[in-house]
Amino acid sequence: MRDVTQLGFGLGLRPQHYPAILDGDRTTAARVDWFEIISENYMVAGGRPLANLMAVRARYPMVMHGVSLSIGSTDPLDRAYLDDLKALAARVEPAIVSDHLCWTGVAGLNMHDLLPLPLTEEALGHVCGRIGQVQDHLGREIAIENASTYVTFAESTIPEWEFMAEMARRSGCRLLLDVNNVYVSAFNHGFAAETYIESIPPELVAYVHLAGHEDNRTYIIDTHDHPVVDGVWDLYAHAVRRFGPVATMIERDDKIPLFAELAEELARARRIAEAAAGPDQEVA
Amino acid sequence: MPLAEMERLFQDGLLGSSREILSHVNGNAREDAGAMFGVYRNAYWARLVESLAVDLPGLKALAGDAAFDHLARAYVARHPSTTRSIRWAGRLLPQFLAREAPYRDDPWLTDMARFDWALAHAFDAADAPVIGVAQLAAIPPELWGGVTLVLHPTLDCFAVSTPVDVVRPLLLADPRAAFDRDRRRDGGLMVWRIGDDLKFRAIDPLEQDALAAARAGASFGEICETIAARVEAEAAAMRAAGFLRGWLEWGIVQDIGHDAPGSA
């Protein structure tokens with residue numbers, strides 16, 4: 001299996017696009033190298049979702065991306081969830097399994113959101129310990145993504161980019177760098193997005209996310225319902241100059257356009273990466 | 001403050017039971033902590049209401065947008081989600097509507113929620129083969145009394161008091177469609193899936209009870225006894241056999257269990 005960094009350019013797999021992917025114009029389908037799935041959407045017993053998933057998997061490499069690992073929660077890890085995640089990974093054989101630096105609930109409740117952590121030594125140790133447990137349970141390395149955040153904690157003592165890098169070094173996980181999330185959090189909290197990118201060691205990055213967002217002027221929300229904005233494209237160019245050729249995908253979860261339209265947006269990522277690599281370089 | 005305590009305060013803030021988290025989080029140069037924490041708080045409620053609307057489209061069409069939003073928020077307040085996937089967050093909504101005032105006074109709401117939920121369950125429940133009438137015919141008649149049924153994993157069956165199966169398609173096509181709100185129909189609904197096709201069928205109270213007994217593991221003989229308590233004894237076996245034939249023909253029976261001839 002190819003290393004995840006070499007997958008090329010992908011999209012999030014969404015049910016609206018099954019016909020275009022499986023039965024549509026092959027030239028358009030060929031513009032996408034791989035798909036990322038939301039793991040929880042396929043942790044079901046049967047039916048059309050699994051059948052469509054495996055039909056797409058027969059043609060494309062995949063990455064599994066989850067939203068329920070809750071790696072930062074102080075509740076115990078959900079072993080049943082990990083069992084189901086492992087079973088799905090055995091079926092899909094993804095290039096990597098990823099989730100977010102966040103927590104989703106405590107006291108047995110689930111807020112169904114990617115909630116922020118205070119960036120402290122205590123949280124770092126807690127998260128690293130749980131990543132180790134998850135990687136042992138799954139028998140594979142995972143990647144952890146930087147989430148968009150809307151508040152910071154007065155108790156935080158570690159910049160997020162240092163937290164992410166140290167988390168990967170200590171736990172042995174890799175990083176899923178969401179360039180849009182860096183852009184969103186930088187605006188919301190007033191730090192320089194370029195500083196974040198420049199602080200991430202390239203060898204730790206497994207793959208990159210791009211997405212659109214909702215700009216409310218005084219803050220930005222990571223909504224995945226718009227095209228990628230120019231400022232994020234510029235930051236992506238900065239990232240690929242630093243990281244070199246690295247697998248990249250675009251997330252779109254609402255106001256989902258035609259498959260061909262997303263494939264065209266993805267082509268822009270490919271052009272930016274090729275330009276960053278230089279005139280004689282081929283990207284992934 | 002320990003991480004566990006901070007997370008508890010944060011969650012209490014989302015649920016609205018405390019504002020103490022606001023003294024531990026920062027906003028930014030443009031918005032204060034309350035406004036920025038509100039992004040999370042608003043998203044919590046909006047995301048769950050939106051998910052319930054996706055999973056229960058018939059209920060939303062029946063109630064109307066504003067009433068649905070109100071009942072969904074009341075439900076989320078009473079039953080914060082404990083499921084790992086938001087897809088299952090509405091699993092207690094039919095019971096909530098059946099028990100809570102003022103919703104319990106309108107049986108259409110409970111029936112529609114139950115119907116929506118059964119369709120959602122059948123959509124991605126486990127796939128399994130089905131057997132037909134021929135497999136039953138291969139069993140000697142003298143052994144039928146001990147026959148038990150393994151029903152299809154996509155099957156759900158439940159009691160209703162309204163013809164919700166008739167009204168749901170009308171409302172999905174046009175949420176303003178008129179229907180007789182006073183109309184009642186006792187019995188049950190069975191919902192299942194064959195391949196990619198979702199199926200449903202209204203059944204009378206007798207068949208509803210018989211199918212409920214079969215789901216609980218009753219043998220064919222025990223199902224006949226259940227029916228015999230409600231109809232003439234001579235007719236009971238005929239009715240039970242008719243039900244069984246129908247279930248086999250509709251594709252809701254995965255397997256038949258019975259004692260082999262000569263077994264103890």
# chains A, B, ... in the order shown; residues from 1 in each chain; ligands from 1
>>> interface_residues(of="chain B", to="chain A", cutoff="6 Å", atoms="only C-alpha atoms", output="mmCIF file with C-alpha atoms, in the first residue's frame")
data_model
loop_
_atom_site.group_PDB
_atom_site.id
_atom_site.type_symbol
_atom_site.label_atom_id
_atom_site.label_comp_id
_atom_site.auth_asym_id
_atom_site.auth_seq_id
_atom_site.Cartn_x
_atom_site.Cartn_y
_atom_site.Cartn_z
ATOM 1 C CA ALA B 4 -11.735 16.833 33.752
ATOM 2 C CA HIS B 24 -11.992 30.377 31.892
ATOM 3 C CA VAL B 25 -12.210 31.061 28.148
ATOM 4 C CA ASN B 26 -11.175 34.013 26.008
ATOM 5 C CA GLY B 27 -12.903 35.668 23.099
ATOM 6 C CA ASN B 28 -10.855 37.777 20.723
ATOM 7 C CA ARG B 30 -13.570 41.761 18.309
ATOM 8 C CA MET B 36 -17.405 33.210 21.026
ATOM 9 C CA SER B 81 -27.302 12.572 23.360
ATOM 10 C CA THR B 82 -25.355 9.590 24.638
ATOM 11 C CA ASP B 124 -28.825 0.346 6.904
ATOM 12 C CA ALA B 125 -29.691 -2.590 9.157
ATOM 13 C CA ALA B 126 -27.866 -5.839 8.466
ATOM 14 C CA ASP B 127 -28.377 -7.560 5.156
#
>>> select_by_dssp(residues="segment 61-166 of chain A", states="alpha helix (DSSP H)", output="PyMOL selection string")
chain A and resi 79-92+121-138+160-166
>>> write_last_selection(atoms="C-alpha atoms", output="PDB file, in the first residue's frame")
ATOM      1  CA  ARG A  79     -13.857   0.318  23.427  1.00  0.00           C
ATOM      2  CA  ALA A  80     -16.941  -0.663  21.442  1.00  0.00           C
ATOM      3  CA  TYR A  81     -16.314   2.288  19.138  1.00  0.00           C
ATOM      4  CA  LEU A  82     -12.693   1.263  18.717  1.00  0.00           C
ATOM      5  CA  ASP A  83     -13.764  -2.300  17.917  1.00  0.00           C
ATOM      6  CA  ASP A  84     -16.126  -1.034  15.226  1.00  0.00           C
ATOM      7  CA  LEU A  85     -13.462   1.339  13.875  1.00  0.00           C
ATOM      8  CA  LYS A  86     -11.013  -1.541  13.638  1.00  0.00           C
ATOM      9  CA  ALA A  87     -13.591  -3.729  11.889  1.00  0.00           C
ATOM     10  CA  LEU A  88     -14.308  -0.989   9.345  1.00  0.00           C
ATOM     11  CA  ALA A  89     -10.584  -0.497   8.761  1.00  0.00           C
ATOM     12  CA  ALA A  90     -10.219  -4.223   8.118  1.00  0.00           C
ATOM     13  CA  ARG A  91     -12.932  -3.937   5.481  1.00  0.00           C
ATOM     14  CA  VAL A  92     -11.801  -0.677   3.849  1.00  0.00           C
ATOM     15  CA  GLU A 121       1.069  19.867  29.833  1.00  0.00           C
ATOM     16  CA  GLU A 122      -1.718  17.926  31.532  1.00  0.00           C
ATOM     17  CA  ALA A 123      -3.790  17.829  28.342  1.00  0.00           C
ATOM     18  CA  LEU A 124      -0.748  16.936  26.250  1.00  0.00           C
ATOM     19  CA  GLY A 125       0.094  13.985  28.467  1.00  0.00           C
ATOM     20  CA  HIS A 126      -3.535  12.902  28.568  1.00  0.00           C
ATOM     21  CA  VAL A 127      -3.948  13.018  24.787  1.00  0.00           C
ATOM     22  CA  CYS A 128      -0.634  11.286  24.081  1.00  0.00           C
ATOM     23  CA  GLY A 129      -1.506   8.447  26.456  1.00  0.00           C
ATOM     24  CA  ARG A 130      -4.844   7.892  24.754  1.00  0.00           C
ATOM     25  CA  ILE A 131      -3.364   8.053  21.249  1.00  0.00           C
ATOM     26  CA  GLY A 132      -1.032   5.277  22.348  1.00  0.00           C
ATOM     27  CA  GLN A 133      -3.979   3.197  23.558  1.00  0.00           C
ATOM     28  CA  VAL A 134      -5.867   3.775  20.299  1.00  0.00           C
ATOM     29  CA  GLN A 135      -2.882   2.904  18.123  1.00  0.00           C
ATOM     30  CA  ASP A 136      -2.314  -0.266  20.162  1.00  0.00           C
ATOM     31  CA  HIS A 137      -5.984  -1.220  19.874  1.00  0.00           C
ATOM     32  CA  LEU A 138      -6.145  -0.600  16.131  1.00  0.00           C
ATOM     33  CA  GLU A 160      -1.338  25.008  19.370  1.00  0.00           C
ATOM     34  CA  TRP A 161       1.352  24.404  16.754  1.00  0.00           C
ATOM     35  CA  GLU A 162       3.828  23.367  19.460  1.00  0.00           C
ATOM     36  CA  PHE A 163       1.178  21.168  21.083  1.00  0.00           C
ATOM     37  CA  MET A 164       0.466  19.398  17.771  1.00  0.00           C
ATOM     38  CA  ALA A 165       4.116  18.794  16.954  1.00  0.00           C
ATOM     39  CA  GLU A 166       4.966  17.571  20.446  1.00  0.00           C
TER      40      GLU A 166
END
>>> residues_around(residues="Gly64 of chain B", least_positions_apart="4", cutoff="12 Å", atoms="only C-alpha atoms", output="ChimeraX atom specification")
/B:53,57-60,68-72,109,171-172,174-177
>>> atom_distance(atom1="atom CA of Ala239 of chain A", atom2="atom CA of Asn146 of chain A")
14.5 Å
>>> residues_around(residues="Asp197 of chain B", least_positions_apart="4", cutoff="12 Å", atoms="only C-alpha atoms", output="ChimeraX atom specification")
/A:47-48 /B:119,122-124,154,191-193,251
>>> closest_residue(among="A:Glu93, A:Ser171, A:Pro159, A:His213", to="Phe191 of chain A", atoms="only C-alpha atoms")
A:Pro159
>>> residues_around(residues="Thr223 of chain A", least_positions_apart="6", cutoff="9 Å", atoms="only C-alpha atoms", output="short mmCIF file (atom, residue, chain, number, x, y, z; two decimals) with N, CA and C atoms, in the first residue's frame")
data_model
loop_
_atom_site.label_atom_id
_atom_site.label_comp_id
_atom_site.auth_asym_id
_atom_site.auth_seq_id
_atom_site.Cartn_x
_atom_site.Cartn_y
_atom_site.Cartn_z
N ALA A 211 -10.82 23.33 2.92
CA ALA A 211 -12.28 23.47 3.00
C ALA A 211 -12.66 24.94 2.94
N GLY A 212 -13.94 25.17 2.76
CA GLY A 212 -14.46 26.52 2.81
C GLY A 212 -15.00 26.82 4.20
N HIS A 213 -15.33 28.08 4.44
CA HIS A 213 -15.81 28.47 5.76
C HIS A 213 -16.81 29.62 5.64
N GLU A 214 -17.36 30.00 6.79
CA GLU A 214 -18.32 31.10 6.84
C GLU A 214 -17.67 32.28 7.55
N ARG A 252 -16.24 18.90 1.80
CA ARG A 252 -17.47 19.69 1.55
C ARG A 252 -18.62 18.92 2.18
N ASP A 253 -19.28 19.51 3.17
CA ASP A 253 -20.31 18.79 3.90
C ASP A 253 -21.70 19.40 3.78
N ASP A 254 -21.80 20.58 3.20
CA ASP A 254 -23.11 21.22 3.06
C ASP A 254 -23.09 22.04 1.77
#
>>> select_by_dssp(residues="segment 29-180 of chain B", states="strand (DSSP E)", output="ChimeraX atom specification")
/B:148-151,156-160
>>> closest_residue(among="B:His79, B:Ile194, B:Ala46, B:Trp108", to="Val167 of chain B", atoms="only C-alpha atoms")
B:Trp108
>>> closest_atom_pairs(of="segment 171-222 of chain B", to="segment 242-250 of chain B", cutoff="12 Å", atoms="only C-alpha atoms", output="Markdown table")
| residue | atom | partner | partner_atom | distance |
| --- | --- | --- | --- | --- |
| B:Met190 | CA | B:Trp247 | CA | 10.4 |
| B:Val191 | CA | B:Trp250 | CA | 10.9 |
| B:Trp192 | CA | B:Trp250 | CA | 9.5 |
| B:Arg193 | CA | B:Trp250 | CA | 10.1 |
| B:Ile194 | CA | B:Trp250 | CA | 9.0 |
| B:Leu198 | CA | B:Trp250 | CA | 11.9 |
| B:Lys199 | CA | B:Trp250 | CA | 9.1 |
| B:Phe200 | CA | B:Trp250 | CA | 10.0 |
| B:Arg201 | CA | B:Trp250 | CA | 9.7 |
| B:Ile203 | CA | B:Phe243 | CA | 10.0 |
| B:Asp204 | CA | B:Phe243 | CA | 10.8 |
| B:Leu206 | CA | B:Phe243 | CA | 9.7 |
| B:Glu207 | CA | B:Phe243 | CA | 6.8 |
| B:Gln208 | CA | B:Phe243 | CA | 10.0 |
| B:Asp209 | CA | B:Phe243 | CA | 11.0 |
| B:Ala210 | CA | B:Phe243 | CA | 8.1 |
| B:Leu211 | CA | B:Phe243 | CA | 8.4 |
| B:Ala214 | CA | B:Leu244 | CA | 9.8 |
| B:Arg215 | CA | B:Trp247 | CA | 12.0 |
| B:Ser219 | CA | B:Leu244 | CA | 11.4 |
| B:Phe220 | CA | B:Leu244 | CA | 8.6 |
| B:Gly221 | CA | B:Leu244 | CA | 11.7 |
